[in-house]
$ cat query_6.txt   # compact mmCIF, C-alpha atoms
# COMPACT_ATOMS: atom_id res chain seq x y z
CA MET A 1 107.15 -28.72 66.01
CA SER A 2 109.22 -25.63 66.12
CA LYS A 3 111.38 -23.84 68.57
CA TYR A 4 109.40 -22.49 71.46
CA VAL A 5 109.45 -20.09 74.37
CA VAL A 6 108.60 -21.70 77.68
CA THR A 7 105.29 -20.40 78.95
CA GLY A 8 103.49 -23.48 80.09
CA ASN A 9 105.41 -26.70 80.46
CA ASN A 10 103.38 -29.13 82.50
CA VAL A 11 104.48 -30.50 85.87
CA SER A 12 102.59 -32.97 87.99
CA ILE A 13 103.53 -34.68 91.23
CA ASN A 14 101.78 -37.87 92.26
CA GLY A 15 99.04 -37.03 89.80
CA ASP A 16 98.47 -33.45 91.00
CA ASP A 17 99.01 -30.81 88.34
CA VAL A 18 101.21 -28.20 90.03
CA SER A 19 102.17 -26.31 86.85
CA GLY A 20 100.51 -23.11 88.02
CA SER A 21 103.00 -22.87 90.89
CA VAL A 22 106.10 -23.72 88.86
CA ALA A 23 108.47 -21.00 87.65
CA ARG A 24 111.16 -23.32 86.28
CA ALA A 25 111.46 -27.03 85.68
CA GLU A 26 114.38 -29.13 84.54
CA LEU A 27 115.05 -32.82 84.01
CA VAL A 28 118.59 -33.99 83.42
CA ILE A 29 119.42 -37.53 82.29
CA ASN A 30 123.04 -38.55 82.70
CA ALA A 31 125.13 -41.56 81.80
CA ALA A 32 128.28 -42.33 83.75
CA GLU A 33 131.55 -42.33 81.86
CA VAL A 34 133.36 -45.64 82.14
CA GLU A 35 136.89 -45.37 80.91
CA THR A 36 138.21 -47.98 78.56
CA THR A 37 141.52 -46.38 77.68
CA ASP A 38 144.24 -48.88 76.94
CA PHE A 39 147.58 -49.22 75.19
CA GLY A 40 145.74 -49.20 71.88
CA SER A 41 144.09 -45.80 72.41
CA ASN A 42 146.87 -43.90 70.67
CA GLY A 43 147.24 -41.39 73.49
CA PHE A 44 143.54 -40.54 73.74
CA THR A 45 141.09 -41.54 76.43
CA GLU A 46 138.25 -43.84 75.49
CA VAL A 47 134.96 -44.07 77.34
CA ILE A 48 131.73 -46.03 77.13
CA GLY A 49 128.40 -45.31 78.71
CA GLY A 50 127.78 -46.66 82.19
CA LEU A 51 124.82 -46.49 84.48
CA LYS A 52 122.24 -43.83 83.78
CA SER A 53 120.90 -41.46 86.39
CA GLY A 54 118.59 -38.50 86.50
CA GLN A 55 117.83 -35.36 88.39
CA VAL A 56 114.70 -33.24 88.58
CA SER A 57 115.03 -29.59 89.54
CA ILE A 58 112.02 -27.32 90.00
CA ASP A 59 111.45 -23.77 91.28
CA PHE A 60 108.06 -23.35 92.97
CA HIS A 61 105.95 -20.47 94.25
CA HIS A 62 104.83 -21.20 97.79
CA ASP A 63 101.11 -21.82 98.25
CA PHE A 64 99.77 -23.21 101.51
CA GLY A 65 96.14 -23.08 100.46
CA ALA A 66 93.98 -26.19 100.18
CA GLY A 67 95.59 -28.27 97.47
CA GLY A 68 98.46 -25.80 97.22
CA VAL A 69 101.89 -27.07 96.27
CA SER A 70 103.42 -26.26 99.66
CA THR A 71 100.71 -28.23 101.37
CA LEU A 72 101.34 -31.08 98.95
CA PHE A 73 105.01 -31.26 99.95
CA GLN A 74 104.40 -31.32 103.72
CA ASP A 75 104.38 -35.10 103.96
CA LEU A 76 106.52 -36.01 100.96
CA VAL A 77 110.02 -35.57 102.34
CA GLY A 78 111.74 -38.93 102.58
CA THR A 79 109.30 -40.61 100.24
CA GLN A 80 109.30 -41.38 96.55
CA ALA A 81 107.04 -39.33 94.32
CA THR A 82 106.09 -39.71 90.70
CA VAL A 83 106.97 -36.61 88.72
CA VAL A 84 105.71 -36.11 85.18
CA LEU A 85 107.20 -33.33 83.07
CA ILE A 86 105.76 -32.35 79.69
CA PRO A 87 107.84 -29.86 77.69
CA GLY A 88 106.70 -27.96 74.60
CA ASN A 89 104.05 -26.06 76.60
CA GLY A 90 101.93 -29.16 76.38
CA THR A 91 99.35 -30.47 78.76
CA ALA A 92 99.22 -34.05 77.50
CA ALA A 93 101.69 -36.48 75.99
CA SER A 94 102.03 -36.26 72.23
CA GLU A 95 104.69 -36.52 69.54
CA THR A 96 105.59 -32.86 70.02
CA THR A 97 105.00 -32.72 73.76
CA PRO A 98 106.47 -35.92 75.14
CA ALA A 99 105.83 -36.83 78.77
CA TYR A 100 108.83 -37.77 80.89
CA THR A 101 107.93 -39.77 83.98
CA ALA A 102 110.38 -40.28 86.82
CA THR A 103 110.19 -41.65 90.29
CA CYS A 104 112.00 -39.18 92.51
CA LEU A 105 113.24 -39.31 96.06
CA VAL A 106 111.98 -36.18 97.78
CA THR A 107 115.08 -35.28 99.72
CA SER A 108 114.18 -31.79 100.86
CA PHE A 109 111.46 -29.19 101.19
CA THR A 110 111.91 -25.58 102.30
CA PRO A 111 108.60 -24.50 103.85
CA VAL A 112 109.86 -21.09 104.93
CA SER A 113 111.88 -18.93 102.58
CA GLY A 114 112.12 -15.42 101.19
CA ALA A 115 113.21 -11.98 102.22
CA VAL A 116 110.82 -9.16 103.03
CA GLY A 117 109.04 -7.99 99.92
CA ASP A 118 109.93 -11.05 97.87
CA LEU A 119 107.52 -13.46 96.31
CA SER A 120 107.91 -16.55 98.48
CA THR A 121 109.48 -19.36 96.51
CA PHE A 122 111.33 -22.60 97.08
CA SER A 123 113.53 -24.76 94.92
CA VAL A 124 113.97 -28.50 94.94
CA THR A 125 116.41 -30.89 93.34
CA PHE A 126 115.57 -34.56 93.50
CA PRO A 127 117.50 -37.60 92.33
CA THR A 128 115.50 -40.00 90.23
CA SER A 129 115.14 -43.64 91.15
CA GLY A 130 114.83 -46.27 88.47
CA GLU A 131 114.04 -45.78 84.82
CA ILE A 132 112.91 -42.48 83.40
CA THR A 133 110.23 -43.26 80.87
CA TYR A 134 109.25 -41.32 77.82
CA ALA A 135 105.79 -41.36 76.27
CA THR A 136 104.31 -39.70 73.22
CA ALA A 137 100.73 -40.74 73.73
CA MET B 1 94.84 -18.33 88.10
CA SER B 2 92.25 -16.42 86.12
CA PHE B 3 91.58 -12.83 87.08
CA ASP B 4 89.75 -9.74 85.92
CA ILE B 5 91.62 -6.45 85.68
CA ALA B 6 88.48 -4.38 86.22
CA THR B 7 87.74 -6.33 89.40
CA ILE B 8 91.27 -5.72 90.65
CA ARG B 9 90.92 -2.00 89.96
CA SER B 10 87.65 -1.78 91.84
CA GLY B 11 89.05 -3.96 94.65
CA ILE B 12 91.99 -1.61 95.20
CA ALA B 13 89.60 1.34 95.07
CA SER B 14 87.37 -0.33 97.66
CA ASN B 15 90.33 -0.81 99.97
CA LEU B 16 91.13 2.89 99.60
CA ALA B 17 87.57 3.74 100.62
CA THR B 18 88.54 2.90 104.20
CA ILE B 19 90.46 6.20 104.39
CA PRO B 20 88.14 8.91 105.74
CA GLY B 21 87.64 11.79 103.35
CA LEU B 22 89.58 10.29 100.45
CA ARG B 23 87.59 9.69 97.30
CA ASN B 24 88.63 6.91 94.95
CA GLU B 25 88.41 6.26 91.24
CA SER B 26 89.03 2.94 89.47
CA TYR B 27 89.87 4.81 86.27
CA LEU B 28 91.31 8.24 85.46
CA PRO B 29 88.39 10.68 85.70
CA ASP B 30 87.88 13.60 83.35
CA ASN B 31 87.69 16.04 86.22
CA PRO B 32 89.24 14.76 89.45
CA ASN B 33 87.71 16.05 92.65
CA PRO B 34 90.53 16.09 95.22
CA PRO B 35 91.40 14.56 97.50
CA VAL B 36 91.10 11.51 95.34
CA ALA B 37 93.04 8.27 94.76
CA ILE B 38 93.12 7.14 91.14
CA VAL B 39 93.95 3.54 90.27
CA GLY B 40 96.07 3.11 87.13
CA LEU B 41 97.59 0.03 85.54
CA GLU B 42 101.21 0.54 84.55
CA SER B 43 102.43 -2.84 83.33
CA ILE B 44 101.76 -6.56 83.31
CA GLU B 45 104.33 -9.32 83.50
CA TYR B 46 102.85 -12.43 81.98
CA ASN B 47 103.93 -16.05 82.48
CA THR B 48 105.44 -15.77 85.93
CA ALA B 49 104.52 -19.42 86.34
CA MET B 50 103.74 -22.28 83.95
CA GLN B 51 100.27 -22.62 82.43
CA GLN B 52 99.31 -19.00 83.31
CA GLY B 53 99.62 -19.93 86.97
CA LEU B 54 100.80 -16.49 88.00
CA THR B 55 100.69 -13.03 86.42
CA THR B 56 102.29 -9.98 87.99
CA LEU B 57 100.46 -6.67 87.52
CA ASN B 58 102.01 -3.36 88.45
CA PHE B 59 99.47 -0.74 89.41
CA VAL B 60 100.12 2.89 90.25
CA VAL B 61 97.74 4.61 92.63
CA THR B 62 97.97 8.37 92.29
CA VAL B 63 96.67 10.35 95.24
CA VAL B 64 95.75 13.87 94.21
CA VAL B 65 95.19 16.34 97.04
CA GLY B 66 94.80 19.80 95.57
CA ARG B 67 96.71 22.84 94.39
CA ALA B 68 100.43 22.25 94.57
CA ALA B 69 101.37 25.41 96.41
CA GLU B 70 99.09 25.00 99.39
CA ARG B 71 100.89 24.03 102.58
CA GLU B 72 97.80 22.37 104.00
CA GLN B 73 97.64 20.02 101.01
CA GLN B 74 101.26 19.05 101.59
CA ARG B 75 100.46 18.18 105.20
CA LYS B 76 97.50 16.13 104.04
CA LEU B 77 99.72 14.22 101.63
CA ASP B 78 102.16 13.51 104.48
CA GLY B 79 99.39 11.57 106.18
CA TYR B 80 98.65 9.53 103.07
CA LEU B 81 102.34 8.68 102.68
CA GLN B 82 102.67 7.33 106.23
CA PRO B 83 103.06 3.51 106.41
CA PHE B 84 100.62 3.42 109.34
CA GLY B 85 97.70 5.38 110.69
CA ALA B 86 94.13 6.03 109.57
CA GLN B 87 95.25 8.09 106.57
CA SER B 88 97.88 5.61 105.34
CA VAL B 89 97.35 4.67 101.70
CA LYS B 90 99.70 1.70 102.03
CA LEU B 91 97.81 0.35 105.03
CA ALA B 92 94.44 0.83 103.32
CA ILE B 93 95.44 -0.89 100.08
CA GLU B 94 96.93 -3.82 102.02
CA SER B 95 93.89 -4.09 104.31
CA ASN B 96 92.46 -6.83 102.10
CA ARG B 97 95.40 -8.36 100.28
CA SER B 98 93.45 -10.94 98.30
CA LEU B 99 90.75 -8.44 97.27
CA ASP B 100 88.21 -10.98 98.49
CA GLY B 101 89.83 -13.78 96.52
CA ALA B 102 90.16 -11.92 93.23
CA ILE B 103 93.96 -12.19 93.37
CA GLN B 104 96.60 -14.17 95.20
CA ASP B 105 98.38 -11.31 96.95
CA LEU B 106 99.37 -7.66 96.65
CA ARG B 107 101.86 -5.30 98.18
CA VAL B 108 102.43 -1.58 98.12
CA GLU B 109 106.10 -1.49 97.21
CA ARG B 110 106.99 2.18 97.29
CA SER B 111 105.89 5.74 96.81
CA GLY B 112 107.56 8.20 94.53
CA GLY B 113 106.98 10.93 97.07
CA MET B 114 105.32 14.24 96.41
CA GLY B 115 105.17 15.94 93.05
CA SER B 116 102.95 18.08 90.91
CA ILE B 117 100.82 16.75 88.07
CA THR B 118 98.72 18.55 85.53
CA ILE B 119 95.21 17.36 84.73
CA ASN B 120 93.03 19.43 82.40
CA ASP B 121 95.40 22.39 82.67
CA GLN B 122 95.17 22.33 86.47
CA THR B 123 98.29 21.66 88.53
CA TYR B 124 97.77 19.46 91.56
CA LEU B 125 99.95 18.11 94.33
CA ALA B 126 100.05 14.34 94.12
CA ALA B 127 101.94 11.20 95.12
CA ASP B 128 102.25 7.88 93.31
CA PHE B 129 102.14 4.52 95.07
CA THR B 130 103.43 1.43 93.28
CA VAL B 131 101.29 -1.62 93.94
CA THR B 132 102.45 -5.07 92.86
CA VAL B 133 99.61 -7.52 92.37
CA TYR B 134 100.13 -11.29 92.06
CA ALA B 135 97.16 -12.82 90.25
$ encode --input "query_6.txt" --output "structure tokens"
Amino acid sequence: MSKYVVTGNNVSINGDDVSGSVARAELVINAAEVETTDFGSNGFTEVIGGLKSGQVSIDFHHDFGAGGVSTLFQDLVGTQATVVLIPGNGTAASETTPAYTATCLVTSFTPVSGAVGDLSTFSVTFPTSGEITYATA
Amino acid sequence: MSFDIATIRSGIASNLATIPGLRNESYLPDNPNPPVAIVGLESIEYNTAMQQGLTTLNFVVTVVVGRAAEREQQRKLDGYLQPFGAQSVKLAIESNRSLDGAIQDLRVERSGGMGSITINDQTYLAADFTVTVYA
């Protein structure tokens, strides 16, 4: 594998490939900092890793056609959805294009957006729920 | 979405055919016969979405009306530059925004106004229209 320019990372939601309507996708995995500083820390703070959490952030192009991504989101707000992200411009999980799978809480959807003359888009940011898995096959 | 540039050219030209008296050409002709609208492709922006889901094509439609100095030709071009009315180039191009499903959407963004162009040593009065196509 080598460095790459993003042209075709894969994004699917509940099994539907929505990559063709995605302009940007991001998955962040965090670990909480739990401080363990004590009298033996020699004036420096000490931390250990706490609970992990994640966040999925995606920019979409609106599409209300049959099977379009905007139509897909109509009934998802307030529910959990399975989001699979494959970086490396891949379409399937492999050693060089690993698939990250997260269960996300769909907390918002913006069905109407855009100024006159703009391509209609919407952005979402979802917290993950439970473990974020990683597969290479 | 897959698309065909030649189909987009001919689709824009077909939309322009709704303007009475205005000829249309999908490609730059050797000898234009004014008044004529000529469809040209200026630039393509690839990878607007993942997996080739969206490509943005910038077309320029040049409407050539005749000799630059003639007042009547300038009046004729006024009609083509209007955003409404039977002679409106913008309205005609946007009359079928999906080009019968060949693209996702299009919009006539702007016109550069009137100017003179030279084709085969002949100077004509013309106006450019910038058309953004999402395919």
$ closest_atom_pairs --input "query_6.txt" --of "chain B" --to "chain A" --cutoff "7 Å" --atoms "only C-alpha atoms" --output "JSON lines"
{"residue": "B:Asn47", "atom": "CA", "partner": "A:Thr7", "partner_atom": "CA", "distance": 5.8}
{"residue": "B:Thr48", "atom": "CA", "partner": "A:Ala23", "partner_atom": "CA", "distance": 6.3}
{"residue": "B:Ala49", "atom": "CA", "partner": "A:Ala23", "partner_atom": "CA", "distance": 4.5}
{"residue": "B:Met50", "atom": "CA", "partner": "A:Gly8", "partner_atom": "CA", "distance": 4.0}
{"residue": "B:Gln51", "atom": "CA", "partner": "A:Gly8", "partner_atom": "CA", "distance": 4.1}
{"residue": "B:Gln52", "atom": "CA", "partner": "A:Gly20", "partner_atom": "CA", "distance": 6.4}
{"residue": "B:Gly53", "atom": "CA", "partner": "A:Gly20", "partner_atom": "CA", "distance": 3.5}
{"residue": "B:Leu54", "atom": "CA", "partner": "A:Gly20", "partner_atom": "CA", "distance": 6.6}
$ atom_distance --input "query_6.txt" --atom1 "CA of Thr103 (chain A)" --atom2 "CA of Thr136 (chain A)"
18.2 Å
$ atom_distance --input "query_6.txt" --atom1 "CA of Leu72 (chain A)" --atom2 "CA of Pro127 (chain A)"
18.6 Å
$ residues_around --input "query_6.txt" --residues "region 75-81 of chain B" --least-positions-apart "3" --cutoff "12 Å" --atoms "only C-alpha atoms" --output "ChimeraX atom specification"
/B:16,19-22,34-37,61-72,84-93,108,110-116,124-130
$ atom_distance --input "query_6.txt" --atom1 "CA of Thr101 (chain A)" --atom2 "CA of Thr82 (chain A)"
7.0 Å
$ residues_around --input "query_6.txt" --residues "Glu131 (chain A)" --least-positions-apart "4" --cutoff "12 Å" --atoms "all atoms listed in the file" --output "list in words"
Ile29, Asn30, Leu51, Lys52, Ser53, Gly54, Gln55, Thr82, Tyr100, Thr101, Ala102, Thr103, Cys104 and Pro127 of chain A
$ axis_aligned_box --input "query_6.txt" --around "region 36-45 of chain B" --padding-each-side "3 Å" --output "JSON"
{"center_x": 97.7, "center_y": 1.1, "center_z": 89.3, "size_x": 19.2, "size_y": 26.8, "size_z": 18.0}
$ residues_around --input "query_6.txt" --residues "Leu105 (chain A)" --least-positions-apart "4" --cutoff "10 Å" --atoms "all atoms listed in the file" --output "PyMOL selection string"
chain A and resi 55-56+76-82+125-129
$ write_last_selection --input "query_6.txt" --atoms "C-alpha atoms" --output "mmCIF file, keeping the file's coordinate frame"
data_model
loop_
_atom_site.group_PDB
_atom_site.id
_atom_site.type_symbol
_atom_site.label_atom_id
_atom_site.label_comp_id
_atom_site.auth_asym_id
_atom_site.auth_seq_id
_atom_site.Cartn_x
_atom_site.Cartn_y
_atom_site.Cartn_z
ATOM 1 C CA GLN A 55 117.830 -35.360 88.390
ATOM 2 C CA VAL A 56 114.700 -33.240 88.580
ATOM 3 C CA LEU A 76 106.520 -36.010 100.960
ATOM 4 C CA VAL A 77 110.020 -35.570 102.340
ATOM 5 C CA GLY A 78 111.740 -38.930 102.580
ATOM 6 C CA THR A 79 109.300 -40.610 100.240
ATOM 7 C CA GLN A 80 109.300 -41.380 96.550
ATOM 8 C CA ALA A 81 107.040 -39.330 94.320
ATOM 9 C CA THR A 82 106.090 -39.710 90.700
ATOM 10 C CA THR A 125 116.410 -30.890 93.340
ATOM 11 C CA PHE A 126 115.570 -34.560 93.500
ATOM 12 C CA PRO A 127 117.500 -37.600 92.330
ATOM 13 C CA THR A 128 115.500 -40.000 90.230
ATOM 14 C CA SER A 129 115.140 -43.640 91.150
#
$ residues_near_point --input "query_6.txt" --point "(105.1, -8.2, 95.7)" --cutoff "10 Å" --atoms "only C-alpha atoms" --output "count of residues only"
17
$ closest_residue --input "query_6.txt" --among "A:Ser94, A:Thr110, A:Ser57, A:Thr133" --to "Glu26 (chain A)" --atoms "all atoms listed in the file"
A:Ser57
$ closest_residue --input "query_6.txt" --among "B:Ile12, B:Gln104, B:Ala17, B:Glu94" --to "Val60 (chain B)" --atoms "only C-alpha atoms"
B:Ile12
$ decode --input "query_6.txt" --residues "region 10-22 of chain A" --atoms "N, CA and C atoms" --output "PDB file, in the first residue's frame"
ATOM      1  N   ASN A  10     -15.272   3.862   0.378  1.00  0.00           N
ATOM      2  CA  ASN A  10     -16.600   3.254   0.310  1.00  0.00           C
ATOM      3  C   ASN A  10     -17.376   3.504   1.597  1.00  0.00           C
ATOM      4  N   VAL A  11     -18.638   3.857   1.436  1.00  0.00           N
ATOM      5  CA  VAL A  11     -19.515   4.112   2.582  1.00  0.00           C
ATOM      6  C   VAL A  11     -20.820   3.373   2.354  1.00  0.00           C
ATOM      7  N   SER A  12     -21.206   2.581   3.340  1.00  0.00           N
ATOM      8  CA  SER A  12     -22.525   1.954   3.258  1.00  0.00           C
ATOM      9  C   SER A  12     -23.268   2.139   4.572  1.00  0.00           C
ATOM     10  N   ILE A  13     -24.572   2.248   4.460  1.00  0.00           N
ATOM     11  CA  ILE A  13     -25.436   2.429   5.627  1.00  0.00           C
ATOM     12  C   ILE A  13     -26.510   1.354   5.581  1.00  0.00           C
ATOM     13  N   ASN A  14     -26.555   0.572   6.624  1.00  0.00           N
ATOM     14  CA  ASN A  14     -27.502  -0.552   6.703  1.00  0.00           C
ATOM     15  C   ASN A  14     -27.445  -1.407   5.436  1.00  0.00           C
ATOM     16  N   GLY A  15     -26.266  -1.581   4.924  1.00  0.00           N
ATOM     17  CA  GLY A  15     -26.082  -2.454   3.760  1.00  0.00           C
ATOM     18  C   GLY A  15     -26.233  -1.777   2.414  1.00  0.00           C
ATOM     19  N   ASP A  16     -26.702  -0.519   2.399  1.00  0.00           N
ATOM     20  CA  ASP A  16     -26.847   0.199   1.129  1.00  0.00           C
ATOM     21  C   ASP A  16     -25.570   0.984   0.830  1.00  0.00           C
ATOM     22  N   ASP A  17     -25.000   0.743  -0.315  1.00  0.00           N
ATOM     23  CA  ASP A  17     -23.797   1.487  -0.722  1.00  0.00           C
ATOM     24  C   ASP A  17     -24.208   2.899  -1.145  1.00  0.00           C
ATOM     25  N   VAL A  18     -23.799   3.882  -0.352  1.00  0.00           N
ATOM     26  CA  VAL A  18     -24.164   5.276  -0.632  1.00  0.00           C
ATOM     27  C   VAL A  18     -22.944   6.090  -1.080  1.00  0.00           C
ATOM     28  N   SER A  19     -21.868   5.413  -1.420  1.00  0.00           N
ATOM     29  CA  SER A  19     -20.604   6.094  -1.746  1.00  0.00           C
ATOM     30  C   SER A  19     -20.771   7.163  -2.813  1.00  0.00           C
ATOM     31  N   GLY A  20     -21.608   6.890  -3.800  1.00  0.00           N
ATOM     32  CA  GLY A  20     -21.781   7.816  -4.909  1.00  0.00           C
ATOM     33  C   GLY A  20     -22.411   9.137  -4.520  1.00  0.00           C
ATOM     34  N   SER A  21     -22.926   9.227  -3.295  1.00  0.00           N
ATOM     35  CA  SER A  21     -23.508  10.483  -2.812  1.00  0.00           C
ATOM     36  C   SER A  21     -22.685  11.084  -1.684  1.00  0.00           C
ATOM     37  N   VAL A  22     -21.493  10.555  -1.472  1.00  0.00           N
ATOM     38  CA  VAL A  22     -20.658  11.019  -0.356  1.00  0.00           C
ATOM     39  C   VAL A  22     -19.511  11.880  -0.875  1.00  0.00           C
TER      40      VAL A  22
END
